[in-house]
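Undergrad: As input, take structure-v2.tsv (TSV, C-alpha atoms):
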```tsv
chain	number	residue	atom	x	y	z
A	257	MET	CA	-16.45	-27.86	5.74
A	258	ASP	CA	-15.11	-26.11	8.85
A	259	PHE	CA	-11.84	-26.80	10.65
A	260	ASN	CA	-11.43	-25.17	14.07
A	261	VAL	CA	-7.79	-24.55	14.97
A	262	LYS	CA	-8.53	-25.58	18.58
A	263	ASP	CA	-9.15	-29.10	17.33
A	264	PHE	CA	-5.54	-29.16	16.13
A	265	GLY	CA	-4.09	-28.05	19.47
A	266	ALA	CA	-4.26	-24.24	19.22
A	267	VAL	CA	-4.65	-22.29	22.46
A	268	GLY	CA	-6.02	-18.75	22.49
A	269	ASP	CA	-4.21	-17.52	25.58
A	270	GLY	CA	-2.00	-14.94	23.85
A	271	LYS	CA	1.12	-16.79	25.01
A	272	THR	CA	1.22	-20.21	23.33
A	273	LEU	CA	2.90	-20.17	19.92
A	274	ASN	CA	0.28	-21.65	17.59
A	275	THR	CA	2.13	-21.64	14.27
A	276	LYS	CA	2.20	-25.44	13.89
A	277	PHE	CA	-1.42	-25.91	14.97
A	278	ILE	CA	-2.79	-23.33	12.52
A	279	HIS	CA	-0.52	-24.74	9.81
A	280	ASP	CA	-1.88	-28.24	10.46
A	281	ALA	CA	-5.48	-27.00	10.25
A	282	ILE	CA	-4.82	-25.30	6.90
A	283	GLU	CA	-3.07	-28.38	5.53
A	284	GLU	CA	-5.89	-30.71	6.58
A	285	CYS	CA	-8.50	-28.35	5.13
A	286	ALA	CA	-6.67	-28.35	1.79
A	287	LYS	CA	-6.25	-32.14	1.93
A	288	GLN	CA	-10.01	-32.52	2.38
A	289	GLY	CA	-10.66	-30.44	-0.76
A	290	GLY	CA	-11.00	-27.04	0.89
A	291	GLY	CA	-13.22	-25.25	3.35
A	292	ARG	CA	-12.95	-22.81	6.20
A	293	VAL	CA	-10.27	-22.70	8.91
A	294	ILE	CA	-11.76	-20.96	11.93
A	295	ILE	CA	-9.93	-18.94	14.56
A	296	GLU	CA	-12.32	-17.96	17.36
A	297	ASN	CA	-12.67	-17.05	21.02
A	298	GLY	CA	-9.19	-15.98	22.10
A	299	THR	CA	-5.87	-14.41	21.17
A	300	TYR	CA	-3.68	-16.75	19.14
A	301	LEU	CA	0.04	-15.99	19.06
A	302	CYS	CA	1.50	-17.14	15.76
A	303	GLY	CA	4.47	-16.98	13.41
A	304	SER	CA	4.47	-17.24	9.63
A	305	ILE	CA	1.72	-19.38	8.07
A	306	GLU	CA	1.01	-20.32	4.47
A	307	MET	CA	-2.33	-20.45	2.68
A	308	ARG	CA	-3.45	-23.28	0.39
A	309	SER	CA	-5.84	-23.29	-2.55
A	310	PHE	CA	-9.57	-23.49	-1.73
A	311	VAL	CA	-8.97	-22.50	1.90
A	312	GLU	CA	-10.66	-19.60	3.71
A	313	LEU	CA	-8.91	-18.40	6.87
A	314	HIS	CA	-11.69	-16.96	9.02
A	315	ILE	CA	-10.94	-14.87	12.13
A	316	ALA	CA	-14.14	-14.54	14.14
A	317	ALA	CA	-15.17	-11.29	15.82
A	318	ASN	CA	-14.11	-12.60	19.22
A	319	ALA	CA	-10.61	-13.60	18.06
A	320	VAL	CA	-7.22	-11.99	17.50
A	321	LEU	CA	-4.41	-13.47	15.40
A	322	LEU	CA	-1.35	-12.04	17.16
A	323	GLY	CA	1.99	-11.89	15.37
A	324	SER	CA	5.06	-13.13	17.19
A	325	ASP	CA	7.43	-10.49	18.53
A	326	ASP	CA	10.47	-12.54	17.43
A	327	CYS	CA	11.70	-12.35	13.81
A	328	ILE	CA	12.91	-15.94	14.08
A	329	ASN	CA	9.26	-16.94	13.72
A	330	PHE	CA	9.07	-15.22	10.32
A	331	PRO	CA	11.84	-17.02	8.40
A	332	GLU	CA	12.82	-16.51	4.81
A	333	ARG	CA	10.88	-18.98	2.70
A	334	THR	CA	12.71	-21.44	0.47
A	335	ASN	CA	11.36	-23.10	-2.67
A	336	VAL	CA	9.11	-20.15	-3.45
A	337	LYS	CA	7.65	-20.82	-6.88
A	338	HIS	CA	6.47	-17.49	-8.21
A	339	VAL	CA	9.12	-14.90	-7.38
A	340	ASP	CA	12.87	-14.44	-7.22
A	341	THR	CA	13.36	-13.42	-3.61
A	342	ASN	CA	16.67	-11.71	-4.39
A	343	MET	CA	14.77	-9.24	-6.59
A	344	LEU	CA	12.02	-8.43	-4.10
A	345	PRO	CA	12.06	-5.11	-2.24
A	346	ARG	CA	14.47	-5.49	0.72
A	347	GLU	CA	15.48	-8.81	-0.90
A	348	ARG	CA	13.24	-10.64	1.56
A	349	ASN	CA	10.08	-12.73	1.39
A	350	ALA	CA	9.48	-13.00	5.15
A	351	CYS	CA	5.82	-12.39	6.00
A	352	PHE	CA	3.05	-13.27	8.44
A	353	ILE	CA	0.48	-14.78	6.03
A	354	PHE	CA	1.79	-16.08	2.68
A	355	ALA	CA	0.20	-17.52	-0.45
A	356	ASP	CA	2.24	-18.73	-3.44
A	357	GLU	CA	0.36	-19.56	-6.68
A	358	CYS	CA	-2.88	-20.39	-4.87
A	359	GLU	CA	-6.40	-20.10	-6.23
A	360	ASN	CA	-9.76	-19.51	-4.58
A	361	ILE	CA	-8.39	-18.35	-1.23
A	362	ALA	CA	-9.93	-15.98	1.31
A	363	LEU	CA	-9.03	-14.08	4.46
A	364	THR	CA	-12.26	-13.10	6.23
A	365	GLY	CA	-13.96	-12.35	9.52
A	366	GLN	CA	-14.63	-9.43	11.81
A	367	GLY	CA	-11.73	-10.32	14.09
A	368	LYS	CA	-8.30	-8.68	14.25
A	369	ILE	CA	-4.81	-9.30	13.02
A	370	ASP	CA	-2.50	-7.69	15.59
A	371	CYS	CA	0.97	-7.45	14.05
A	372	ASN	CA	2.78	-6.69	17.33
A	373	GLY	CA	4.48	-3.81	15.55
A	374	ASP	CA	5.69	-1.96	18.62
A	375	LYS	CA	8.23	-4.76	19.12
A	376	PHE	CA	9.89	-4.00	15.76
A	377	VAL	CA	10.54	-0.26	16.07
A	378	TYR	CA	12.36	2.11	18.37
A	379	TYR	CA	11.69	5.72	19.30
A	380	GLU	CA	13.66	8.33	17.37
A	381	ARG	CA	12.00	11.69	17.60
A	382	ASP	CA	14.17	13.68	15.17
A	383	VAL	CA	12.92	11.96	12.03
A	384	PHE	CA	9.82	12.48	9.89
A	385	TRP	CA	8.17	9.58	11.69
A	386	LYS	CA	8.64	9.45	15.46
A	387	TYR	CA	9.94	5.88	15.24
A	388	ASN	CA	12.46	3.97	13.16
A	389	ARG	CA	12.54	0.27	12.37
A	390	ILE	CA	15.01	-2.13	13.92
A	391	ASP	CA	18.12	-2.67	11.84
A	392	ALA	CA	18.37	-6.42	11.35
A	393	PRO	CA	16.46	-8.32	10.41
A	394	THR	CA	13.88	-5.83	9.18
A	395	PRO	CA	10.30	-6.62	10.17
A	396	PRO	CA	8.33	-8.95	7.90
A	397	ARG	CA	5.51	-7.97	5.58
A	398	VAL	CA	2.13	-8.93	6.95
A	399	VAL	CA	0.01	-10.46	4.15
A	400	PHE	CA	1.91	-11.39	0.96
A	401	PHE	CA	-0.02	-13.07	-1.88
A	402	THR	CA	1.89	-13.73	-5.11
A	403	GLY	CA	0.81	-15.48	-8.31
A	404	CYS	CA	-2.68	-16.11	-6.94
A	405	LYS	CA	-6.09	-16.13	-8.61
A	406	ASN	CA	-9.56	-15.52	-7.19
A	407	VAL	CA	-8.66	-13.90	-3.87
A	408	LYS	CA	-11.08	-12.43	-1.32
A	409	ILE	CA	-10.07	-10.30	1.69
A	410	GLU	CA	-13.08	-9.15	3.65
A	411	ASP	CA	-14.01	-7.50	6.98
A	412	ILE	CA	-10.65	-8.05	8.70
A	413	THR	CA	-9.24	-5.33	10.96
A	414	MET	CA	-5.44	-5.11	11.00
A	415	ILE	CA	-3.68	-3.17	13.73
A	416	ASN	CA	-0.20	-2.36	15.06
A	417	GLN	CA	1.70	-3.01	11.84
A	418	PRO	CA	5.49	-2.88	12.03
A	419	ALA	CA	7.61	-1.32	9.30
A	420	GLY	CA	6.28	-3.76	6.71
A	421	TRP	CA	3.44	-3.51	4.20
A	422	SER	CA	0.00	-4.55	5.44
A	423	TYR	CA	-1.23	-6.24	2.25
A	424	TRP	CA	1.02	-7.00	-0.71
A	425	ILE	CA	-0.88	-8.21	-3.78
A	426	HIS	CA	1.85	-9.25	-6.24
A	427	ASP	CA	1.03	-10.54	-9.75
A	428	CYS	CA	-2.45	-11.74	-8.81
A	429	ASP	CA	-5.69	-11.93	-10.81
A	430	TYR	CA	-9.26	-11.30	-9.68
A	431	VAL	CA	-8.77	-9.88	-6.20
A	432	THR	CA	-11.55	-8.39	-4.06
A	433	VAL	CA	-10.73	-6.38	-0.94
A	434	ASP	CA	-13.86	-5.19	0.84
A	435	LYS	CA	-14.81	-3.65	4.18
A	436	ILE	CA	-11.40	-4.04	5.77
A	437	LYS	CA	-9.79	-1.70	8.28
A	438	ILE	CA	-6.09	-0.92	8.48
A	439	PHE	CA	-5.14	0.99	11.62
A	440	ALA	CA	-1.36	1.30	11.59
A	441	ASN	CA	0.51	3.78	13.77
A	442	VAL	CA	1.11	6.85	11.58
A	443	ASP	CA	4.42	7.42	13.41
A	444	TYR	CA	5.85	4.08	12.24
A	445	PRO	CA	7.79	4.11	8.94
A	446	ASN	CA	7.10	1.99	5.84
A	447	ASN	CA	3.86	0.46	7.07
A	448	ASP	CA	1.98	0.84	3.78
A	449	GLY	CA	-1.66	-0.13	3.51
A	450	ILE	CA	-2.54	-2.04	0.33
A	451	HIS	CA	0.29	-2.52	-2.17
A	452	ILE	CA	-1.02	-3.70	-5.57
A	453	ASN	CA	1.78	-4.69	-7.93
A	454	CYS	CA	1.61	-6.19	-11.45
A	455	SER	CA	-1.94	-7.37	-10.74
A	456	ARG	CA	-5.14	-7.33	-12.75
A	457	ASN	CA	-8.85	-7.09	-12.02
A	458	VAL	CA	-8.45	-5.82	-8.46
A	459	THR	CA	-11.27	-4.11	-6.56
A	460	VAL	CA	-10.71	-2.28	-3.27
A	461	SER	CA	-13.92	-0.94	-1.71
A	462	ASN	CA	-15.43	0.33	1.52
A	463	CYS	CA	-12.12	0.33	3.41
A	464	ASP	CA	-10.79	2.54	6.21
A	465	ILE	CA	-7.00	2.92	6.07
A	466	SER	CA	-4.72	4.89	8.36
A	467	CYS	CA	-0.96	4.32	8.20
A	468	GLY	CA	2.45	5.95	8.32
A	469	ASP	CA	3.33	5.24	4.70
A	470	ASP	CA	1.20	5.24	1.53
A	471	CYS	CA	-2.36	3.98	1.95
A	472	ILE	CA	-2.85	2.47	-1.50
A	473	ILE	CA	-0.07	1.84	-4.01
A	474	VAL	CA	-0.47	0.71	-7.61
A	475	ARG	CA	2.74	-0.39	-9.33
A	476	ALA	CA	4.12	-2.54	-12.15
A	477	ASN	CA	7.54	-3.62	-10.86
A	478	SER	CA	8.23	-6.97	-12.56
A	479	ALA	CA	11.85	-7.31	-11.40
A	480	SER	CA	11.10	-10.36	-9.24
A	481	LEU	CA	8.98	-12.10	-11.91
A	482	LYS	CA	10.00	-14.35	-14.79
A	483	THR	CA	8.21	-12.13	-17.32
A	484	ASN	CA	7.02	-8.54	-17.32
A	485	LYS	CA	3.41	-8.10	-16.19
A	486	VAL	CA	0.94	-5.26	-16.66
A	487	CYS	CA	-0.95	-3.73	-13.74
A	488	GLU	CA	-4.44	-2.91	-14.97
A	489	LYS	CA	-8.15	-2.83	-14.23
A	490	VAL	CA	-7.70	-1.69	-10.63
A	491	SER	CA	-10.71	-0.01	-9.02
A	492	VAL	CA	-10.53	1.77	-5.64
A	493	THR	CA	-13.81	3.18	-4.33
A	494	ASN	CA	-15.62	4.33	-1.18
A	495	CYS	CA	-12.57	4.45	1.10
A	496	ASN	CA	-11.33	6.72	3.91
A	497	LEU	CA	-7.57	7.35	3.82
A	498	THR	CA	-5.13	8.93	6.27
A	499	SER	CA	-1.36	8.78	5.89
A	500	TYR	CA	1.84	10.56	6.92
A	501	SER	CA	2.92	9.85	3.33
A	502	GLY	CA	0.46	9.49	0.44
A	503	GLY	CA	-3.19	8.63	0.03
A	504	ILE	CA	-2.89	7.13	-3.46
A	505	ARG	CA	0.50	6.48	-5.10
A	506	VAL	CA	0.88	5.23	-8.66
A	507	GLY	CA	4.21	4.08	-10.10
A	508	TRP	CA	7.84	4.23	-8.99
A	509	VAL	CA	11.29	3.87	-10.51
A	510	ASN	CA	11.23	2.01	-13.87
A	511	ASP	CA	7.87	0.38	-13.41
A	512	GLY	CA	6.24	-1.03	-16.54
A	513	VAL	CA	2.66	-0.56	-17.75
A	514	ILE	CA	-0.08	0.74	-15.44
A	515	ARG	CA	-3.34	1.38	-17.23
A	516	ASN	CA	-7.13	1.52	-17.08
A	517	CYS	CA	-7.62	2.21	-13.36
A	518	VAL	CA	-10.31	4.12	-11.47
A	519	PHE	CA	-10.13	5.85	-8.07
A	520	SER	CA	-13.46	7.26	-6.91
A	521	ASN	CA	-15.53	8.36	-3.91
A	522	LEU	CA	-12.58	8.78	-1.57
A	523	VAL	CA	-12.04	10.89	1.55
A	524	MET	CA	-8.44	11.81	2.45
A	525	THR	CA	-7.63	13.61	5.70
A	526	ASP	CA	-4.39	14.53	7.51
A	527	THR	CA	-2.32	13.17	4.64
A	528	THR	CA	0.98	14.48	3.26
A	529	VAL	CA	0.30	14.04	-0.48
A	530	GLY	CA	-3.15	13.23	-1.77
A	531	ILE	CA	-2.51	11.62	-5.16
A	532	SER	CA	1.03	11.10	-6.42
A	533	ILE	CA	2.51	9.74	-9.61
A	534	LEU	CA	6.17	10.06	-8.78
A	535	LEU	CA	9.11	8.74	-10.79
A	536	PRO	CA	12.12	9.83	-8.70
A	537	PRO	CA	15.76	8.92	-9.23
A	538	SER	CA	16.96	5.85	-7.38
A	539	THR	CA	18.90	6.83	-4.30
A	540	ARG	CA	21.53	4.16	-4.97
A	541	PRO	CA	22.25	1.69	-7.80
A	542	GLU	CA	21.58	-1.38	-5.68
A	543	PHE	CA	18.22	-0.08	-4.44
A	544	SER	CA	16.03	-3.17	-4.26
A	545	ASP	CA	12.72	-1.59	-5.23
A	546	VAL	CA	13.58	-0.57	-8.80
A	547	GLY	CA	11.86	-2.07	-11.84
A	548	ARG	CA	13.42	-3.04	-15.16
A	549	GLU	CA	11.09	-1.49	-17.73
A	550	GLU	CA	10.15	1.74	-19.42
A	551	THR	CA	7.20	3.23	-17.54
A	552	LEU	CA	3.87	3.78	-19.26
A	553	ILE	CA	0.97	5.12	-17.18
A	554	ASP	CA	-2.17	5.49	-19.28
A	555	ASN	CA	-5.89	6.08	-18.86
A	556	LEU	CA	-6.42	6.66	-15.15
A	557	SER	CA	-9.49	8.33	-13.66
A	558	PHE	CA	-9.73	10.11	-10.30
A	559	ASN	CA	-13.18	11.43	-9.39
A	560	ASN	CA	-15.34	12.48	-6.44
A	561	ILE	CA	-12.47	12.87	-3.98
A	562	VAL	CA	-12.49	15.12	-0.92
A	563	MET	CA	-9.18	16.06	0.73
A	564	ASP	CA	-8.73	17.98	3.96
A	565	LYS	CA	-5.54	19.01	5.81
A	566	ILE	CA	-3.17	17.92	3.05
A	567	CYS	CA	0.36	18.82	4.16
A	568	SER	CA	1.91	19.00	0.71
A	569	ASN	CA	0.42	18.76	-2.79
A	570	PRO	CA	-3.10	17.41	-3.28
A	571	VAL	CA	-1.96	16.17	-6.69
A	572	LEU	CA	1.71	15.55	-7.44
A	573	ILE	CA	2.97	14.26	-10.79
A	574	HIS	CA	6.73	14.51	-11.17
A	575	ILE	CA	9.15	12.83	-13.58
A	576	TYR	CA	12.68	13.55	-12.43
A	577	GLU	CA	15.32	14.70	-14.89
A	578	ASN	CA	17.58	11.68	-14.34
A	579	GLU	CA	17.63	9.91	-17.72
A	580	LYS	CA	18.22	6.58	-15.97
A	581	ILE	CA	14.55	6.83	-15.05
A	582	LYS	CA	13.01	5.24	-18.13
A	583	VAL	CA	9.66	6.71	-19.09
A	584	LYS	CA	7.63	6.03	-22.22
A	585	ALA	CA	4.70	8.24	-21.26
A	586	ILE	CA	2.33	9.45	-18.58
A	587	LYS	CA	-0.86	10.30	-20.39
A	588	ASN	CA	-4.64	10.42	-20.39
A	589	LEU	CA	-5.23	11.18	-16.71
A	590	HIS	CA	-8.65	12.53	-15.80
A	591	PHE	CA	-9.38	14.36	-12.53
A	592	SER	CA	-12.95	15.44	-11.79
A	593	GLU	CA	-14.74	16.72	-8.68
A	594	ILE	CA	-11.52	16.86	-6.67
A	595	HIS	CA	-12.02	19.25	-3.73
A	596	ALA	CA	-8.91	19.75	-1.62
A	597	LYS	CA	-7.73	21.91	1.27
A	598	GLY	CA	-4.02	21.88	1.99
A	599	LEU	CA	-0.75	23.77	2.23
A	600	ASN	CA	0.02	23.68	-1.49
A	601	PHE	CA	-1.56	23.58	-4.91
A	602	PRO	CA	-1.01	20.72	-7.40
A	603	LYS	CA	2.43	20.22	-8.94
A	604	LEU	CA	2.66	18.73	-12.45
A	605	ILE	CA	6.16	18.33	-13.85
A	606	GLY	CA	7.19	16.22	-16.81
A	607	ARG	CA	10.45	16.49	-18.64
A	608	GLU	CA	11.42	17.42	-22.16
A	609	SER	CA	11.82	13.78	-23.18
A	610	ALA	CA	8.59	12.74	-21.43
A	611	VAL	CA	5.94	15.45	-21.55
A	612	LEU	CA	2.82	14.80	-19.47
A	613	GLN	CA	0.11	14.26	-22.08
A	614	ASN	CA	-3.61	15.00	-21.94
A	615	ILE	CA	-3.99	15.69	-18.22
A	616	ARG	CA	-7.52	17.03	-17.58
A	617	PHE	CA	-9.08	18.64	-14.52
A	618	ASN	CA	-12.85	19.17	-14.51
A	619	ASN	CA	-14.88	20.84	-11.76
A	620	CYS	CA	-12.09	20.80	-9.19
A	621	SER	CA	-11.27	23.20	-6.36
A	622	PHE	CA	-8.00	23.61	-4.47
A	623	GLU	CA	-7.78	25.81	-1.38
A	624	MET	CA	-4.47	26.75	0.21
A	625	ILE	CA	-4.76	26.84	4.01
A	626	ASN	CA	-2.35	27.90	6.79
A	627	ALA	CA	-0.05	25.48	8.60
A	628	GLU	CA	-1.59	26.64	11.87
A	629	GLU	CA	-4.71	24.73	10.91
A	630	ILE	CA	-2.86	21.41	11.10
A	631	PRO	CA	-0.49	21.84	14.07
A	632	ASN	CA	-0.28	18.14	14.92
A	633	ARG	CA	1.63	17.40	11.75
A	634	PHE	CA	4.51	19.68	12.73
A	635	ALA	CA	4.71	18.94	16.43
A	636	HIS	CA	6.71	15.71	16.16
A	637	GLY	CA	10.17	17.05	15.44
A	638	ALA	CA	9.95	17.96	11.76
A	639	THR	CA	11.96	21.07	10.92
A	640	THR	CA	9.71	22.33	8.12
A	641	THR	CA	9.14	26.09	8.20
A	642	ASN	CA	6.36	28.15	6.70
A	643	ASP	CA	8.73	29.32	3.97
A	644	ASP	CA	9.19	25.70	2.92
A	645	LEU	CA	5.50	24.94	2.90
A	646	TYR	CA	3.74	27.37	0.60
A	647	HIS	CA	4.25	27.07	-3.13
A	648	PRO	CA	2.11	28.21	-6.06
A	649	MET	CA	0.94	25.77	-8.69
A	650	GLU	CA	3.90	24.54	-10.73
A	651	ILE	CA	3.48	23.13	-14.25
A	652	ARG	CA	6.34	22.20	-16.57
A	653	PHE	CA	6.57	19.99	-19.66
A	654	ALA	CA	2.89	19.16	-19.39
A	655	GLU	CA	-0.26	19.38	-21.50
A	656	ILE	CA	-2.88	20.36	-18.93
A	657	ILE	CA	-6.53	21.28	-19.50
A	658	PHE	CA	-8.50	22.94	-16.69
A	659	ASN	CA	-12.28	23.19	-17.03
A	660	ASP	CA	-14.35	24.94	-14.35
A	661	CYS	CA	-11.63	24.69	-11.71
A	662	GLU	CA	-10.94	27.06	-8.82
A	663	LEU	CA	-7.77	27.94	-6.88
A	664	ARG	CA	-8.21	29.75	-3.57
A	665	VAL	CA	-5.77	31.12	-0.98
A	666	LYS	CA	-7.34	31.42	2.44
```
Show me this structure written as structure tokens.

TA:
Amino acid sequence: MDFNVKDFGAVGDGKTLNTKFIHDAIEECAKQGGGRVIIENGTYLCGSIEMRSFVELHIAANAVLLGSDDCINFPERTNVKHVDTNMLPRERNACFIFADECENIALTGQGKIDCNGDKFVYYERDVFWKYNRIDAPTPPRVVFFTGCKNVKIEDITMINQPAGWSYWIHDCDYVTVDKIKIFANVDYPNNDGIHINCSRNVTVSNCDISCGDDCIIVRANSASLKTNKVCEKVSVTNCNLTSYSGGIRVGWVNDGVIRNCVFSNLVMTDTTVGISILLPPSTRPEFSDVGREETLIDNLSFNNIVMDKICSNPVLIHIYENEKIKVKAIKNLHFSEIHAKGLNFPKLIGRESAVLQNIRFNNCSFEMINAEEIPNRFAHGATTTNDDLYHPMEIRFAEIIFNDCELRVK
């Protein structure tokens, strides 16, 4: 059954605030047992809205869902069931599209979500990104689904993200993300692409992602959950990735268990780090994005990946020496048919108390190019010099096996 938001009072003029009208359409759809809420033929300005079980929010090709440019329209949610907001990153749950313990929900259509991000940042040339985010309140996340089951996100194009993650999949089961586009401004900070945390059975396929922060993140930070949850059975395939940070990032400070994941058939261009598994020290004790467990990363496969114009390491695995960073093991990682051109070779550093175990590279090639070949990356105020850029392969506290691999310096 279809429910057109216009029938509930919505106006697609790009000026009328439609939050209540879209909310009413979703509520009525859920009340009637589920169906499809349709946004079509116009630009619909809107604040924060909440999904319901058995509801598909469909943005037609001739429609734009436009985020409000006023943070007051993205309030902190109360009575959230699934997470402790005080333990979320930035200690906030504000977002554009929210789902809390829903099942059988979908976000579909060939239309656009325009996040109005240029209203949430200011120009500051002398930083890594050309822009910085406004101080208070910080911009909201865009799509935040937590504790949900049977989720489909398909075809949507998201543009103009502020300094907030595009899609945050948090402790969800059976999630399919297919044929979406994420076109964030690479000069905006913290506008990650797809952030998969403590979730299981997640498939990301056929997506085109360009953003200022990491394109795809896989983590197991359970700090905001009642019990610790594993992140596993994540498959990422057939995607194009561009980022001023990382293409694929796995893990962070004191995450729990991340296991049995596959990343294949990917193209990464103009990206700082290709694949990173980075367990750095927290910058401050109260840092809100720190987990509470001993990290175990096990049985990950990376294959058929092409990288071009990588500004740092194509593969970076680094466990910092800070013993407050709790690590059980990083082991059984398999890299095959990785072909990368960039400014550096891979860096693989464990520590004496957490040696990298059984890291295998098969049929890979890494070519070191000159910074002159990627001038756009160093024209925005960064102070990096050639002496800072070029480093040989570095391996410490690691069990590495190379089979039919090639290192080249151009």

Undergrad: Determine the nearest neighbour of Thr525 in chain A from the options A:Lys584, A:His595, A:Arg505, A:Arg346, counting all atoms listed in the file.

TA: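 Under the stated criterion, the closest residue is A:His595.
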
Undergrad: Considering only C-alpha atoms, return as an mmCIF file with C-alpha atoms, keeping the file's coordinate frame whatever protein or nucleic-acid residues lie within 6 Å of Asn588 in chain A, sequence-local ones (same chain, fewer than 2 positions apart) excluded.

TA:
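New file result34.cif:
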```cif
data_model
loop_
_atom_site.group_PDB
_atom_site.id
_atom_site.type_symbol
_atom_site.label_atom_id
_atom_site.label_comp_id
_atom_site.auth_asym_id
_atom_site.auth_seq_id
_atom_site.Cartn_x
_atom_site.Cartn_y
_atom_site.Cartn_z
ATOM 1 C CA ASP A 554 -2.170 5.490 -19.280
ATOM 2 C CA ASN A 555 -5.890 6.080 -18.860
ATOM 3 C CA ASN A 614 -3.610 15.000 -21.940
ATOM 4 C CA ILE A 615 -3.990 15.690 -18.220
#
```

Undergrad: Hey, which of A:Leu344, A:Gly367, A:Gly606, A:Val433 ends up closest to Tyr300 in chain A? Count all atoms listed in the file.

TA: A:Gly367

Undergrad: Please measure the separation of CA of Thr413 in chain A and CA of Lys368 in chain A, giving the value in Å to one decimal.

TA: 4.8 Å

Undergrad: Using all atoms listed in the file, can you list as an MDAnalysis selection string the residues within 7 Å of (-1.6, -0.1, 9.3)?

TA: chainID A and resid 414:417 422 438:441 447:449 465:467

Undergrad: To one decimal in Å, tell me the separation between CA of Phe352 in chain A and CA of Ala476 in chain A.

TA: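 About the pair CA of Phe352 in chain A and CA of Ala476 in chain A: they are 23.2 Å apart.
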
Undergrad: Using all atoms listed in the file, which residues sit within 7 Å of Gln613 in chain A once same-chain residues fewer than 6 positions away are excluded, as a compact mmCIF listing (two decimals) with C-alpha atoms, in the frame of the given file?

TA:
```txt
# COMPACT_ATOMS: atom_id res chain seq x y z
CA ILE A 586 2.33 9.45 -18.58
CA LYS A 587 -0.86 10.30 -20.39
CA ASN A 588 -4.64 10.42 -20.39
CA ALA A 654 2.89 19.16 -19.39
CA GLU A 655 -0.26 19.38 -21.50
```

Undergrad: Just give me the gap between CA of Asn462 in chain A and CA of Lys405 in chain A in Å, one decimal is fine.

TA: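 Interatomic distance, CA of Asn462 in chain A to CA of Lys405 in chain A: 21.5 Å.
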
Undergrad: A:Ile409, A:Val442, A:Val571, A:Ile514: which is nearest Tyr500 in chain A, counting only C-alpha atoms?

TA: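 The closest residue to Tyr500 in chain A is A:Val442.
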
Undergrad: Compare A:Arg397, A:Lys408, A:Arg333, A:His338 by their minimum atom-to-atom distance to Ile361 in chain A, counting all atoms listed in the file, and give me the closest one.

TA: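 When distances to Ile361 in chain A are compared using all atoms listed in the file, the smallest one comes from A:Lys408.
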
Undergrad: Residues near Gly512 in chain A, anyone? I mean within 8 Å using only C-alpha atoms, not counting same-chain ones fewer than 2 positions away, as number ranges by chain.

TA: A: 476-478, 484-486, 510, 514, 547-552

Undergrad: Near range 268-277 of chain A, within 9 Å and counting only C-alpha atoms, which residues show up once chain neighbours fewer than 4 positions away are dropped, as a CSV table (one decimal) with C-alpha atoms, keeping the file's coordinate frame?

TA:
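Generated output (part-v1.csv):
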```csv
chain,number,residue,atom,x,y,z
A,261,VAL,CA,-7.8,-24.6,15.0
A,262,LYS,CA,-8.5,-25.6,18.6
A,263,ASP,CA,-9.2,-29.1,17.3
A,264,PHE,CA,-5.5,-29.2,16.1
A,281,ALA,CA,-5.5,-27.0,10.2
A,282,ILE,CA,-4.8,-25.3,6.9
A,295,ILE,CA,-9.9,-18.9,14.6
A,296,GLU,CA,-12.3,-18.0,17.4
A,297,ASN,CA,-12.7,-17.0,21.0
A,298,GLY,CA,-9.2,-16.0,22.1
A,299,THR,CA,-5.9,-14.4,21.2
A,300,TYR,CA,-3.7,-16.8,19.1
A,301,LEU,CA,0.0,-16.0,19.1
A,302,CYS,CA,1.5,-17.1,15.8
A,303,GLY,CA,4.5,-17.0,13.4
A,304,SER,CA,4.5,-17.2,9.6
A,305,ILE,CA,1.7,-19.4,8.1
A,319,ALA,CA,-10.6,-13.6,18.1
A,320,VAL,CA,-7.2,-12.0,17.5
A,321,LEU,CA,-4.4,-13.5,15.4
A,322,LEU,CA,-1.4,-12.0,17.2
A,324,SER,CA,5.1,-13.1,17.2
A,329,ASN,CA,9.3,-16.9,13.7
```

Undergrad: Have a look at A:Leu572, A:Ile504, A:Met307, A:Leu604 and name the one nearest to Thr402 in chain A; count only C-alpha atoms.

TA: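 Among A:Leu572, A:Ile504, A:Met307, A:Leu604, it is A:Met307 that comes nearest to Thr402 in chain A.
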